[in-house]
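Have a look at final_1.cif; it's mmCIF, C-alpha atoms:
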```cif
data_protein
loop_
_atom_site.label_atom_id
_atom_site.label_comp_id
_atom_site.auth_asym_id
_atom_site.auth_seq_id
_atom_site.Cartn_x
_atom_site.Cartn_y
_atom_site.Cartn_z
CA MET A 1 -37.33 -26.38 19.99
CA ALA A 2 -34.26 -25.02 18.21
CA GLN A 3 -34.00 -21.28 18.15
CA ALA A 4 -31.19 -19.21 16.55
CA LEU A 5 -30.08 -15.71 17.48
CA ARG A 6 -28.00 -13.85 14.93
CA ILE A 7 -24.94 -11.98 16.31
CA LEU A 8 -23.85 -9.00 14.26
CA HIS A 9 -20.22 -7.95 13.84
CA PRO A 10 -19.35 -4.65 15.57
CA PRO A 11 -18.06 -1.97 13.23
CA ILE A 12 -14.25 -1.78 13.00
CA THR A 13 -12.68 1.62 13.59
CA GLY A 14 -9.16 2.83 13.89
CA THR A 15 -6.27 2.87 11.52
CA PRO A 16 -6.36 1.30 8.05
CA TYR A 17 -4.07 -1.36 9.48
CA PHE A 18 -7.05 -2.96 11.19
CA ARG A 19 -9.38 -2.69 8.23
CA HIS A 20 -6.95 -4.34 5.81
CA HIS A 21 -5.32 -6.95 8.01
CA ILE A 22 -8.08 -8.27 10.21
CA GLN A 23 -10.30 -10.84 8.47
CA PHE A 24 -13.48 -12.12 10.13
CA PRO A 25 -15.26 -15.38 9.32
CA PRO A 26 -18.90 -15.41 8.30
CA PRO A 27 -21.48 -14.43 10.89
CA ALA A 28 -21.85 -17.00 13.59
CA TYR A 29 -24.82 -18.13 15.64
CA CYS A 30 -25.42 -19.21 19.17
CA VAL A 31 -27.76 -22.13 18.96
CA PHE A 32 -29.94 -23.68 21.62
CA SER A 33 -30.16 -27.31 20.75
CA GLY A 34 -31.63 -29.91 23.02
CA GLY A 35 -31.75 -27.39 25.86
CA LYS A 36 -27.98 -26.77 25.62
CA LEU A 37 -26.14 -23.64 24.54
CA ASN A 38 -23.40 -23.96 21.95
CA ALA A 39 -21.07 -21.11 23.14
CA SER A 40 -18.12 -21.60 20.77
CA PRO A 41 -19.09 -18.63 18.53
CA LEU A 42 -19.21 -16.38 21.63
CA LEU A 43 -15.76 -17.52 22.74
CA TRP A 44 -14.42 -16.82 19.27
CA LYS A 45 -15.81 -13.29 19.42
CA LEU A 46 -14.19 -12.62 22.84
CA ARG A 47 -10.83 -13.86 21.58
CA SER A 48 -11.15 -11.65 18.48
CA VAL A 49 -11.86 -8.52 20.56
CA SER A 50 -8.87 -9.26 22.79
CA ARG A 51 -6.64 -9.81 19.76
CA ILE A 52 -7.83 -6.54 18.17
CA SER A 53 -7.05 -4.63 21.39
CA ARG A 54 -3.52 -6.00 21.50
CA ILE A 55 -2.88 -5.19 17.84
CA ARG A 56 -4.31 -1.68 18.23
CA ALA A 57 -2.07 -1.01 21.26
CA SER A 58 0.95 -2.25 19.35
CA ALA A 59 0.12 -0.04 16.38
CA GLU A 60 -0.38 3.03 18.57
CA SER A 61 2.99 2.31 20.20
CA ARG A 62 4.63 2.18 16.76
CA GLN A 63 2.92 5.41 15.75
CA GLY A 64 3.95 7.19 19.00
CA ASN A 65 7.58 6.10 18.87
CA GLY A 66 7.94 6.19 15.16
CA ASP A 67 9.69 2.91 14.99
CA GLY A 68 9.73 0.58 18.08
CA GLU A 69 13.48 0.39 17.82
CA ASN A 70 13.94 3.89 19.34
CA HIS A 71 12.75 2.54 22.70
CA LEU A 72 15.72 0.16 23.01
CA PRO A 73 18.43 2.80 23.70
CA GLN A 74 16.20 4.32 26.42
CA VAL A 75 15.91 0.95 28.15
CA LEU A 76 19.65 0.31 27.91
CA SER A 77 20.41 3.82 29.20
CA SER A 78 18.06 3.36 32.14
CA ASN A 79 19.67 0.02 32.98
CA TRP A 80 23.12 1.53 33.67
CA THR A 81 22.27 5.08 34.81
CA LYS A 82 20.12 4.00 37.75
CA PRO A 83 22.77 1.80 39.42
CA LEU A 84 25.37 4.50 38.75
CA ALA A 85 23.18 7.17 40.32
CA LYS A 86 22.53 4.94 43.33
CA LEU A 87 26.26 4.28 43.74
CA ALA A 88 26.99 8.01 43.64
CA ALA A 89 24.22 8.74 46.16
CA ASP A 90 25.40 6.03 48.57
CA ASN A 91 29.02 7.22 48.39
CA PHE A 92 28.48 10.95 47.91
CA LEU A 93 30.76 12.00 50.76
CA PRO A 94 33.92 10.11 49.65
CA LEU A 95 33.29 11.15 46.05
CA ALA A 96 33.01 14.79 47.13
CA LEU A 97 36.26 14.52 49.11
CA VAL A 98 38.15 12.87 46.26
CA SER A 99 36.81 15.52 43.88
CA GLY A 100 38.10 18.22 46.24
CA VAL A 101 41.57 16.64 46.26
CA LEU A 102 41.69 16.33 42.47
CA LEU A 103 40.50 19.91 42.03
CA GLY A 104 43.18 21.13 44.44
CA LEU A 105 45.89 19.30 42.50
CA ALA A 106 44.62 20.41 39.11
CA ASN A 107 44.00 24.08 39.91
CA PRO A 108 45.48 25.17 43.27
CA SER A 109 44.99 28.86 42.58
CA LEU A 110 41.25 28.54 43.06
CA GLY A 111 41.67 26.76 46.39
CA CYS A 112 44.23 29.31 47.58
CA LEU A 113 41.84 32.09 46.61
CA ALA A 114 39.10 30.38 48.62
CA ASP A 115 41.49 30.17 51.58
CA THR A 116 42.09 33.92 51.52
CA TYR A 117 38.34 34.42 51.97
CA TYR A 118 38.19 31.90 54.88
CA ILE A 119 35.86 29.58 52.98
CA SER A 120 36.85 26.62 55.17
CA LYS A 121 35.71 28.49 58.29
CA PHE A 122 32.42 29.43 56.66
CA SER A 123 31.90 25.82 55.56
CA THR A 124 32.53 24.57 59.12
CA PHE A 125 30.07 27.21 60.34
CA GLY A 126 27.51 25.88 57.85
CA ILE A 127 28.08 22.27 58.92
CA PHE A 128 27.26 23.08 62.53
CA ILE A 129 24.29 25.25 61.56
CA ILE A 130 22.93 22.12 59.88
CA SER A 131 23.80 20.06 62.96
CA GLY A 132 21.81 22.48 65.11
CA LEU A 133 18.85 22.46 62.72
CA THR A 134 18.66 18.66 62.75
CA LEU A 135 19.46 18.17 66.45
CA CYS A 136 16.29 16.95 68.15
CA SER A 137 15.77 17.41 71.88
CA ASP A 138 15.58 13.66 72.43
CA GLU A 139 19.07 13.41 70.90
CA ILE A 140 20.37 15.67 73.68
CA GLY A 141 18.81 13.30 76.18
CA ALA A 142 20.43 10.38 74.39
CA ALA A 143 23.83 12.05 74.78
CA ALA A 144 23.26 12.56 78.52
CA GLU A 145 22.20 8.93 78.98
CA ALA A 146 25.35 7.74 77.21
CA TRP A 147 27.74 9.70 79.48
CA PRO A 148 29.95 6.63 80.19
CA VAL A 149 30.53 6.25 76.45
CA GLY A 150 31.35 9.92 76.11
CA LEU A 151 33.71 9.79 79.08
CA PHE A 152 35.68 6.89 77.59
CA GLY A 153 35.68 8.65 74.23
CA LEU A 154 37.32 11.72 75.75
CA ALA A 155 39.90 9.55 77.51
CA SER A 156 40.67 7.72 74.26
CA ILE A 157 40.99 10.94 72.25
CA LEU A 158 43.05 13.00 74.68
CA PHE A 159 45.07 10.48 76.72
CA ILE A 160 45.21 7.00 75.14
CA THR A 161 45.67 7.58 71.40
CA PRO A 162 48.49 10.14 71.90
CA LEU A 163 50.55 7.24 73.29
CA PHE A 164 50.80 5.91 69.73
CA SER A 165 53.08 8.88 68.93
CA ARG A 166 55.92 7.06 70.72
CA ILE A 167 55.59 4.12 68.31
CA ILE A 168 55.40 6.42 65.27
CA LEU A 169 58.66 8.17 66.22
CA LEU A 170 60.50 4.84 66.03
CA ILE A 171 60.05 4.85 62.23
CA LYS A 172 62.98 6.22 60.23
CA LEU A 173 62.06 8.16 57.10
CA GLN A 174 63.57 11.09 55.21
CA PRO A 175 62.46 13.79 55.53
CA GLN A 176 62.02 13.08 59.26
CA GLU A 177 59.37 15.81 59.43
CA PHE A 178 56.91 13.38 57.87
CA VAL A 179 57.24 11.07 60.88
CA THR A 180 57.24 13.91 63.40
CA GLY A 181 54.16 15.45 61.79
CA LEU A 182 52.20 12.21 62.07
CA ALA A 183 53.30 11.88 65.71
CA ILE A 184 51.98 15.39 66.41
CA PHE A 185 48.81 14.51 64.51
CA SER A 186 48.14 11.55 66.83
CA CYS A 187 48.12 13.95 69.83
CA MET A 188 45.32 16.08 68.38
CA PRO A 189 41.64 16.07 69.45
CA THR A 190 38.97 14.68 67.15
CA THR A 191 37.88 16.28 63.88
CA LEU A 192 35.78 19.43 64.14
CA SER A 193 33.05 18.38 61.74
CA SER A 194 33.56 15.15 59.80
CA GLY A 195 33.11 12.85 62.81
CA VAL A 196 29.70 14.35 63.58
CA ALA A 197 28.69 14.35 59.90
CA LEU A 198 29.70 10.71 59.43
CA THR A 199 27.97 9.69 62.66
CA ARG A 200 24.77 11.30 61.45
CA LEU A 201 25.07 9.57 58.07
CA ALA A 202 25.59 6.24 59.84
CA GLY A 203 22.45 6.74 61.95
CA GLY A 204 24.51 6.93 65.14
CA ASN A 205 24.10 9.08 68.25
CA SER A 206 25.03 12.39 66.64
CA ALA A 207 24.41 14.32 69.87
CA LEU A 208 26.96 12.14 71.65
CA ALA A 209 29.40 12.62 68.77
CA LEU A 210 28.88 16.37 68.94
CA ALA A 211 29.43 16.44 72.70
CA MET A 212 32.70 14.50 72.39
CA THR A 213 33.82 16.79 69.56
CA VAL A 214 33.18 20.05 71.40
CA ILE A 215 34.54 18.94 74.78
CA SER A 216 37.63 17.20 73.38
CA ASN A 217 38.60 20.25 71.33
CA LEU A 218 38.05 22.63 74.25
CA LEU A 219 40.02 20.44 76.66
CA GLY A 220 42.57 19.69 73.97
CA ILE A 221 43.65 23.33 73.97
CA LEU A 222 44.94 22.80 77.50
CA ILE A 223 46.21 19.23 77.10
CA ILE A 224 47.97 19.37 73.69
CA PRO A 225 51.03 21.35 74.89
CA PHE A 226 51.71 18.77 77.61
CA SER A 227 51.19 15.83 75.23
CA ILE A 228 53.60 17.24 72.64
CA SER A 229 56.17 18.15 75.27
CA LYS A 230 56.03 14.73 76.94
CA PHE A 231 55.74 12.44 73.94
CA ILE A 232 57.43 14.36 71.11
CA ALA A 233 59.44 17.44 72.03
CA ALA A 234 61.31 15.73 74.91
CA GLY A 235 60.89 18.60 77.27
CA VAL A 236 60.98 21.44 74.74
CA GLY A 237 58.44 24.10 75.72
CA VAL A 238 55.61 24.58 73.23
CA SER A 239 53.53 27.73 72.93
CA VAL A 240 49.96 27.02 71.91
CA PRO A 241 47.62 29.92 70.95
CA THR A 242 45.06 28.99 73.60
CA GLU A 243 42.97 32.14 73.42
CA ARG A 244 42.85 32.23 69.62
CA LEU A 245 42.02 28.53 69.33
CA LEU A 246 39.30 28.85 71.95
CA ARG A 247 37.79 31.84 70.16
CA SER A 248 37.91 29.96 66.85
CA LEU A 249 36.17 26.92 68.33
CA VAL A 250 33.46 29.06 69.88
CA LEU A 251 32.84 30.91 66.63
CA THR A 252 32.90 27.89 64.33
CA LEU A 253 31.28 25.24 66.57
CA LEU A 254 29.23 26.49 69.49
CA ILE A 255 27.64 29.63 68.02
CA PRO A 256 26.37 28.02 64.77
CA LEU A 257 25.16 25.00 66.70
CA ILE A 258 23.22 27.21 69.11
CA LEU A 259 21.82 29.32 66.25
CA GLY A 260 20.59 26.24 64.39
CA LYS A 261 19.07 24.73 67.53
CA VAL A 262 17.33 27.99 68.52
CA ALA A 263 15.90 28.36 65.00
CA ARG A 264 14.56 24.81 65.20
CA GLU A 265 12.94 25.34 68.60
CA LEU A 266 11.40 28.75 67.80
CA SER A 267 9.93 27.85 64.41
CA LYS A 268 7.89 24.73 63.72
CA GLY A 269 8.27 25.38 60.00
CA VAL A 270 12.06 25.28 60.28
CA ALA A 271 11.88 22.06 62.30
CA ASP A 272 9.54 20.43 59.78
CA PHE A 273 11.76 21.50 56.89
CA ALA A 274 14.87 20.09 58.59
CA ASP A 275 13.14 16.78 59.41
CA GLY A 276 11.68 16.45 55.92
CA ASN A 277 14.91 17.27 54.09
CA ARG A 278 17.54 15.39 56.09
CA LYS A 279 19.02 13.79 52.96
CA LEU A 280 19.35 17.17 51.25
CA LEU A 281 20.97 18.69 54.33
CA ALA A 282 23.35 15.72 54.53
CA VAL A 283 24.42 16.35 50.92
CA ILE A 284 24.97 20.06 51.64
CA SER A 285 26.98 19.15 54.75
CA ALA A 286 29.13 16.77 52.68
CA ILE A 287 29.81 19.52 50.13
CA PHE A 288 30.83 21.90 52.91
CA LEU A 289 33.11 19.21 54.31
CA SER A 290 34.79 18.66 50.93
CA PHE A 291 35.95 22.29 50.95
CA VAL A 292 38.52 21.46 53.69
CA PRO A 293 40.66 18.95 51.69
CA TRP A 294 40.25 21.05 48.55
CA ILE A 295 41.77 24.10 50.24
CA GLN A 296 44.44 22.13 52.15
CA VAL A 297 45.65 20.32 49.02
CA SER A 298 45.69 23.58 47.09
CA ARG A 299 47.87 25.19 49.77
CA SER A 300 50.24 22.21 50.01
CA ARG A 301 50.58 21.43 46.28
CA SER A 302 53.94 23.17 45.78
CA LEU A 303 55.54 21.28 48.69
CA LEU A 304 53.93 18.06 47.52
CA LEU A 305 55.64 18.36 44.14
CA MET A 306 59.07 18.78 45.81
CA VAL A 307 58.91 15.40 47.57
CA LYS A 308 59.71 12.12 45.83
CA PRO A 309 56.46 10.29 45.09
CA SER A 310 57.70 7.05 46.68
CA ILE A 311 58.53 8.77 49.98
CA PHE A 312 55.25 10.63 50.08
CA LEU A 313 53.43 7.39 49.31
CA VAL A 314 55.09 5.79 52.35
CA ALA A 315 53.87 8.71 54.48
CA VAL A 316 50.36 8.34 53.09
CA VAL A 317 50.35 4.62 53.92
CA MET A 318 51.61 5.43 57.42
CA GLY A 319 48.74 7.88 57.93
CA ALA A 320 46.19 5.34 56.72
CA LEU A 321 47.77 2.69 58.94
CA LEU A 322 47.61 5.02 61.95
CA HIS A 323 43.88 5.52 61.47
CA THR A 324 43.33 1.80 60.91
CA VAL A 325 45.14 1.03 64.18
CA LEU A 326 43.02 3.59 66.07
CA LEU A 327 39.85 2.09 64.58
CA ALA A 328 40.95 -1.42 65.54
CA PHE A 329 41.86 -0.33 69.08
CA ASN A 330 38.50 1.32 69.74
CA ALA A 331 36.61 -1.50 68.02
CA LEU A 332 38.26 -4.05 70.31
CA VAL A 333 37.75 -2.03 73.50
CA ILE A 334 34.03 -1.29 72.96
CA PRO A 335 32.81 -4.93 73.35
CA SER A 336 35.01 -5.38 76.42
CA LEU A 337 33.58 -2.27 78.07
CA SER A 338 30.08 -3.45 77.14
CA VAL A 339 30.62 -6.75 78.98
CA ILE A 340 32.12 -5.05 82.03
CA SER A 341 29.42 -2.37 82.34
CA GLY A 342 26.26 -4.49 82.15
CA GLY A 343 26.17 -6.58 78.98
CA SER A 344 23.21 -5.96 76.70
CA LYS A 345 21.90 -3.17 78.97
CA SER A 346 25.19 -1.27 78.82
CA PRO A 347 25.24 2.03 76.89
CA PHE A 348 28.28 0.62 75.05
CA ALA A 349 26.05 -2.16 73.68
CA LYS A 350 23.76 0.26 71.83
CA LYS A 351 24.65 0.41 68.18
CA GLU A 352 24.07 4.17 67.96
CA ASN A 353 26.52 4.88 70.79
CA ALA A 354 29.12 2.39 69.56
CA SER A 355 29.19 3.84 66.03
CA ALA A 356 29.54 7.40 67.40
CA LEU A 357 32.40 6.36 69.69
CA LEU A 358 34.20 4.36 67.01
CA LEU A 359 34.10 7.15 64.43
CA VAL A 360 34.79 10.16 66.65
CA ALA A 361 37.45 8.61 68.91
CA SER A 362 39.44 7.30 65.93
CA GLN A 363 39.77 10.59 64.03
CA LYS A 364 42.22 13.47 64.49
CA THR A 365 41.72 17.09 63.49
CA LEU A 366 43.90 18.85 60.94
CA PRO A 367 43.08 22.56 61.55
CA VAL A 368 44.17 22.40 65.20
CA MET A 369 47.34 20.55 64.19
CA VAL A 370 48.16 23.27 61.65
CA ALA A 371 47.63 25.99 64.27
CA VAL A 372 49.91 24.18 66.73
CA VAL A 373 52.68 23.64 64.14
CA GLU A 374 52.60 27.32 63.19
CA GLN A 375 53.28 28.21 66.85
CA LEU A 376 56.27 25.86 67.06
CA GLY A 377 58.34 28.24 64.95
CA GLY A 378 60.28 25.43 63.26
CA ALA A 379 61.42 23.89 66.56
CA LEU A 380 60.45 20.40 65.36
CA GLY A 381 61.18 20.88 61.65
CA GLU A 382 59.90 22.61 58.53
CA SER A 383 56.27 23.51 59.11
CA GLY A 384 55.15 22.66 55.58
CA LEU A 385 56.73 19.19 55.70
CA LEU A 386 55.21 18.56 59.14
CA VAL A 387 51.74 19.36 57.85
CA LEU A 388 51.93 17.66 54.45
CA PRO A 389 51.57 13.99 55.54
CA CYS A 390 48.84 15.02 57.96
CA VAL A 391 46.82 16.46 55.08
CA ALA A 392 46.93 13.02 53.48
CA ALA A 393 46.17 11.34 56.83
CA HIS A 394 43.20 13.65 57.35
CA LEU A 395 41.84 12.76 53.92
CA ASN A 396 42.52 9.07 54.43
CA GLN A 397 40.59 8.88 57.70
CA ILE A 398 37.55 10.64 56.26
CA ILE A 399 37.54 8.55 53.09
CA ILE A 400 38.06 5.28 54.99
CA ASP A 401 35.31 6.12 57.47
CA SER A 402 32.91 7.30 54.78
CA PHE A 403 33.27 3.98 52.95
CA LEU A 404 32.85 2.22 56.30
CA VAL A 405 29.61 4.13 56.91
CA SER A 406 28.41 3.24 53.40
CA LEU A 407 29.12 -0.42 54.13
CA TRP A 408 27.14 -0.22 57.38
CA LYS A 409 24.18 1.34 55.59
CA GLN A 410 24.22 -1.29 52.86
CA LYS A 411 24.26 -4.08 55.45
CA GLU A 412 21.39 -2.44 57.33
CA GLY A 413 19.41 -2.24 54.08
CA GLU A 414 20.03 -5.92 53.37
CA PHE A 415 19.00 -6.80 56.92
CA GLU A 416 15.78 -4.78 56.65
CA ASN A 417 14.96 -6.42 53.30
CA ALA A 418 15.55 -9.86 54.86
CA LYS A 419 13.17 -9.04 57.71
CA VAL A 420 10.47 -7.87 55.31
CA ALA A 421 10.91 -10.99 53.19
#
```
As a first step, turn the structure in this file into structure tokens.
Amino acid sequence: MAQALRILHPPITGTPYFRHHIQFPPPAYCVFSGGKLNASPLLWKLRSVSRISRIRASAESRQGNGDGENHLPQVLSSNWTKPLAKLAADNFLPLALVSGVLLGLANPSLGCLADTYYISKFSTFGIFIISGLTLCSDEIGAAAEAWPVGLFGLASILFITPLFSRIILLIKLQPQEFVTGLAIFSCMPTTLSSGVALTRLAGGNSALALAMTVISNLLGILIIPFSISKFIAAGVGVSVPTERLLRSLVLTLLIPLILGKVARELSKGVADFADGNRKLLAVISAIFLSFVPWIQVSRSRSLLLMVKPSIFLVAVVMGALLHTVLLAFNALVIPSLSVISGGSKSPFAKKENASALLLVASQKTLPVMVAVVEQLGGALGESGLLVLPCVAAHLNQIIIDSFLVSLWKQKEGEFENAKVA
């Protein structure tokens, strides 16, 4: 028995666009005929409802944006701003350093004013406060476990790399102070802050890096005079302000580190904040670090303008080459020491220890070099010309290593993505 059920159209609401542009066929029926259901009218209704929903959404989008075309510039802007922001975030440290150099060249008066208020010392203090805040107790244990790595690092910094000063002195360049300054620079201990900061950014053993930094600078106060006398001054006595340098290191390194560590251990809130905001603290540390080249370039700008650009460029290349040679030397020695001391179980085989050793043992500090040159009293040449190429070398090593760290992080990200895939 055939039986028909009438299906009524639902009322159409919304904008006049739907009432004027949507046309419906005559009412349809679902018919049972011969015990079978003819469902084509129902399917037509479902398709109509779906089509109405899509049209309504499109109309609301046009009403909200006014014209659909206004959305295109937003999409295009998003397409290039996101990669640019990611590039800036991944390379924030070198960008900050380059910005400091450019600012020092463009407006040295501001950097010189900052120097009169000891901003560089305060920034170093802040860097090590941050190091103390983020220094976990297990990191201290990791530094103790890696004592063979630290021991070789100290030997490389204080005894092996100063030997390169003999090779540097063979280069003939006018003014000769450029060459002598770089030779003195190679006898210095490691950087006071950038090595630790870069090690932390690279995910290395920052406690080990910190231990090598503090110990090498403390021992360097006693060793530097002998290194300069033996390798550079050819027996000329050198007076190094041991007491003042020691006091400066204690004030700018040990005390802020201890304060940050004590604050972390006494307050769980401080520890949680430091652990939850490591990226923010790394950015602040990078900004503090950029104050050093900004102030140094501002102080040296007048001397820089007196030197022929071609000669200064040669000195800059020499400084970059010196750091590259130190990196290559330590990079070649680390695998050899790993094989000798136990293979895969050796502390030299751990990536965290190797990155800390490579970065810290290949850098040289500028502030200590400046203090030593000031005490020479012109015995080895004009103090400003001795320091000038070392300012460039100091910047070069930090910029080169910061890009190296960025490359490591990008490769680690690709490796992690490959493992997930």
Run the PyMOL selection byres ((chain A and resi 247-264) around 12) on the file and write out the hits as a ChimeraX atom specification. /A:118-137,139-140,191-193,196,207,210-211,213-221,241-246,265-275,367-368,371
So how far away is atom CA of A:Ala379 from atom CA of A:Val101, in Å? 29.3 Å
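Considering the residues A:Tyr117, A:Phe92, A:Phe348, A:Phe178 and counting only C-alpha atoms, A:Val307 has its shortest atom-to-atom contact with A:Phe178.
Picture a line from atom CA of A:Ala183 to atom CA of A:Phe291; it runs 25.0 Å.
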List, as a PyMOL selection string, every residue that the PyMOL selection byres ((chain A and resi 386) around 12) selects in the file provided. chain A and resi 174-185+300+303-304+315+366+369-374+376-385+387-393
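Atom CA of A:Leu357 to atom CA of A:Leu93 spans 19.8 Å [interatomic distance, one decimal].
Using all atoms listed in the file, the nearest neighbour of A:Lys350 within the list A:Ser290, A:Ser165, A:Ser338, A:Gln375 is A:Ser338.
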Just the residues within 10 Å of stretch 87-89 of chain A, please, counting only C-alpha atoms, with nothing from its chain fewer than 6 positions along; format it as number ranges by chain. A: 81, 95-96, 279, 283, 406
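Every residue within 9 Å of the file position (47.2, 10.4, 70.1), judged by all atoms listed in the file, is given as A:Ser156, A:Ile157, A:Leu158, A:Phe159, A:Ile160, A:Thr161, A:Pro162, A:Leu163, A:Phe164, A:Ser165, A:Ala183, A:Ile184, A:Phe185, A:Ser186, A:Cys187, A:Met188, A:Pro189, A:Ser227, A:Leu326, A:Lys364.
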Selected residues written out, C-alpha atoms, as a PDB file, keeping the file's coordinate frame:
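Output below, filename selection_10.pdb:
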```pdb
ATOM      1  CA  SER A 156      40.670   7.720  74.260  1.00  0.00           C
ATOM      2  CA  ILE A 157      40.990  10.940  72.250  1.00  0.00           C
ATOM      3  CA  LEU A 158      43.050  13.000  74.680  1.00  0.00           C
ATOM      4  CA  PHE A 159      45.070  10.480  76.720  1.00  0.00           C
ATOM      5  CA  ILE A 160      45.210   7.000  75.140  1.00  0.00           C
ATOM      6  CA  THR A 161      45.670   7.580  71.400  1.00  0.00           C
ATOM      7  CA  PRO A 162      48.490  10.140  71.900  1.00  0.00           C
ATOM      8  CA  LEU A 163      50.550   7.240  73.290  1.00  0.00           C
ATOM      9  CA  PHE A 164      50.800   5.910  69.730  1.00  0.00           C
ATOM     10  CA  SER A 165      53.080   8.880  68.930  1.00  0.00           C
ATOM     11  CA  ALA A 183      53.300  11.880  65.710  1.00  0.00           C
ATOM     12  CA  ILE A 184      51.980  15.390  66.410  1.00  0.00           C
ATOM     13  CA  PHE A 185      48.810  14.510  64.510  1.00  0.00           C
ATOM     14  CA  SER A 186      48.140  11.550  66.830  1.00  0.00           C
ATOM     15  CA  CYS A 187      48.120  13.950  69.830  1.00  0.00           C
ATOM     16  CA  MET A 188      45.320  16.080  68.380  1.00  0.00           C
ATOM     17  CA  PRO A 189      41.640  16.070  69.450  1.00  0.00           C
ATOM     18  CA  SER A 227      51.190  15.830  75.230  1.00  0.00           C
ATOM     19  CA  LEU A 326      43.020   3.590  66.070  1.00  0.00           C
ATOM     20  CA  LYS A 364      42.220  13.470  64.490  1.00  0.00           C
TER      21      LYS A 364
END
```
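Proximity of A:Pro108, A:Gly204, A:Gly342, A:Pro148 to A:Ala356, computed with all atoms listed in the file, is greatest for A:Gly204.
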Since the input is missing atoms, can you rebuild N, CA, C and O atoms for stretch 91-102 of chain A and write them as an mmCIF file, in the frame of the given file?
```cif
data_model
loop_
_atom_site.group_PDB
_atom_site.id
_atom_site.type_symbol
_atom_site.label_atom_id
_atom_site.label_comp_id
_atom_site.auth_asym_id
_atom_site.auth_seq_id
_atom_site.Cartn_x
_atom_site.Cartn_y
_atom_site.Cartn_z
ATOM 1 N N ASN A 91 27.629 6.871 48.070
ATOM 2 C CA ASN A 91 29.020 7.220 48.390
ATOM 3 C C ASN A 91 29.311 8.679 48.051
ATOM 4 O O ASN A 91 30.408 9.026 47.613
ATOM 5 N N PHE A 92 28.332 9.546 48.298
ATOM 6 C CA PHE A 92 28.480 10.950 47.910
ATOM 7 C C PHE A 92 29.616 11.620 48.665
ATOM 8 O O PHE A 92 30.394 12.391 48.093
ATOM 9 N N LEU A 93 29.734 11.342 49.964
ATOM 10 C CA LEU A 93 30.760 12.000 50.760
ATOM 11 C C LEU A 93 32.176 11.666 50.293
ATOM 12 O O LEU A 93 32.973 12.577 50.035
ATOM 13 N N PRO A 94 32.563 10.378 50.146
ATOM 14 C CA PRO A 94 33.920 10.110 49.650
ATOM 15 C C PRO A 94 34.161 10.646 48.255
ATOM 16 O O PRO A 94 35.264 11.114 47.946
ATOM 17 N N LEU A 95 33.132 10.603 47.392
ATOM 18 C CA LEU A 95 33.290 11.150 46.050
ATOM 19 C C LEU A 95 33.525 12.651 46.092
ATOM 20 O O LEU A 95 34.342 13.190 45.334
ATOM 21 N N ALA A 96 32.817 13.343 46.988
ATOM 22 C CA ALA A 96 33.010 14.790 47.130
ATOM 23 C C ALA A 96 34.419 15.099 47.625
ATOM 24 O O ALA A 96 35.065 16.046 47.157
ATOM 25 N N LEU A 97 34.925 14.288 48.580
ATOM 26 C CA LEU A 97 36.260 14.520 49.110
ATOM 27 C C LEU A 97 37.335 14.273 48.060
ATOM 28 O O LEU A 97 38.284 15.056 47.917
ATOM 29 N N VAL A 98 37.184 13.175 47.319
ATOM 30 C CA VAL A 98 38.150 12.870 46.260
ATOM 31 C C VAL A 98 38.124 13.951 45.185
ATOM 32 O O VAL A 98 39.175 14.374 44.666
ATOM 33 N N SER A 99 36.926 14.443 44.865
ATOM 34 C CA SER A 99 36.810 15.520 43.880
ATOM 35 C C SER A 99 37.516 16.777 44.364
ATOM 36 O O SER A 99 38.168 17.481 43.583
ATOM 37 N N GLY A 100 37.401 17.067 45.677
ATOM 38 C CA GLY A 100 38.100 18.220 46.240
ATOM 39 C C GLY A 100 39.603 18.085 46.119
ATOM 40 O O GLY A 100 40.308 19.049 45.786
ATOM 41 N N VAL A 101 40.126 16.881 46.371
ATOM 42 C CA VAL A 101 41.570 16.640 46.260
ATOM 43 C C VAL A 101 42.025 16.827 44.807
ATOM 44 O O VAL A 101 43.039 17.508 44.534
ATOM 45 N N LEU A 102 41.308 16.226 43.879
ATOM 46 C CA LEU A 102 41.690 16.330 42.470
ATOM 47 C C LEU A 102 41.625 17.768 41.979
ATOM 48 O O LEU A 102 42.492 18.220 41.209
#
```
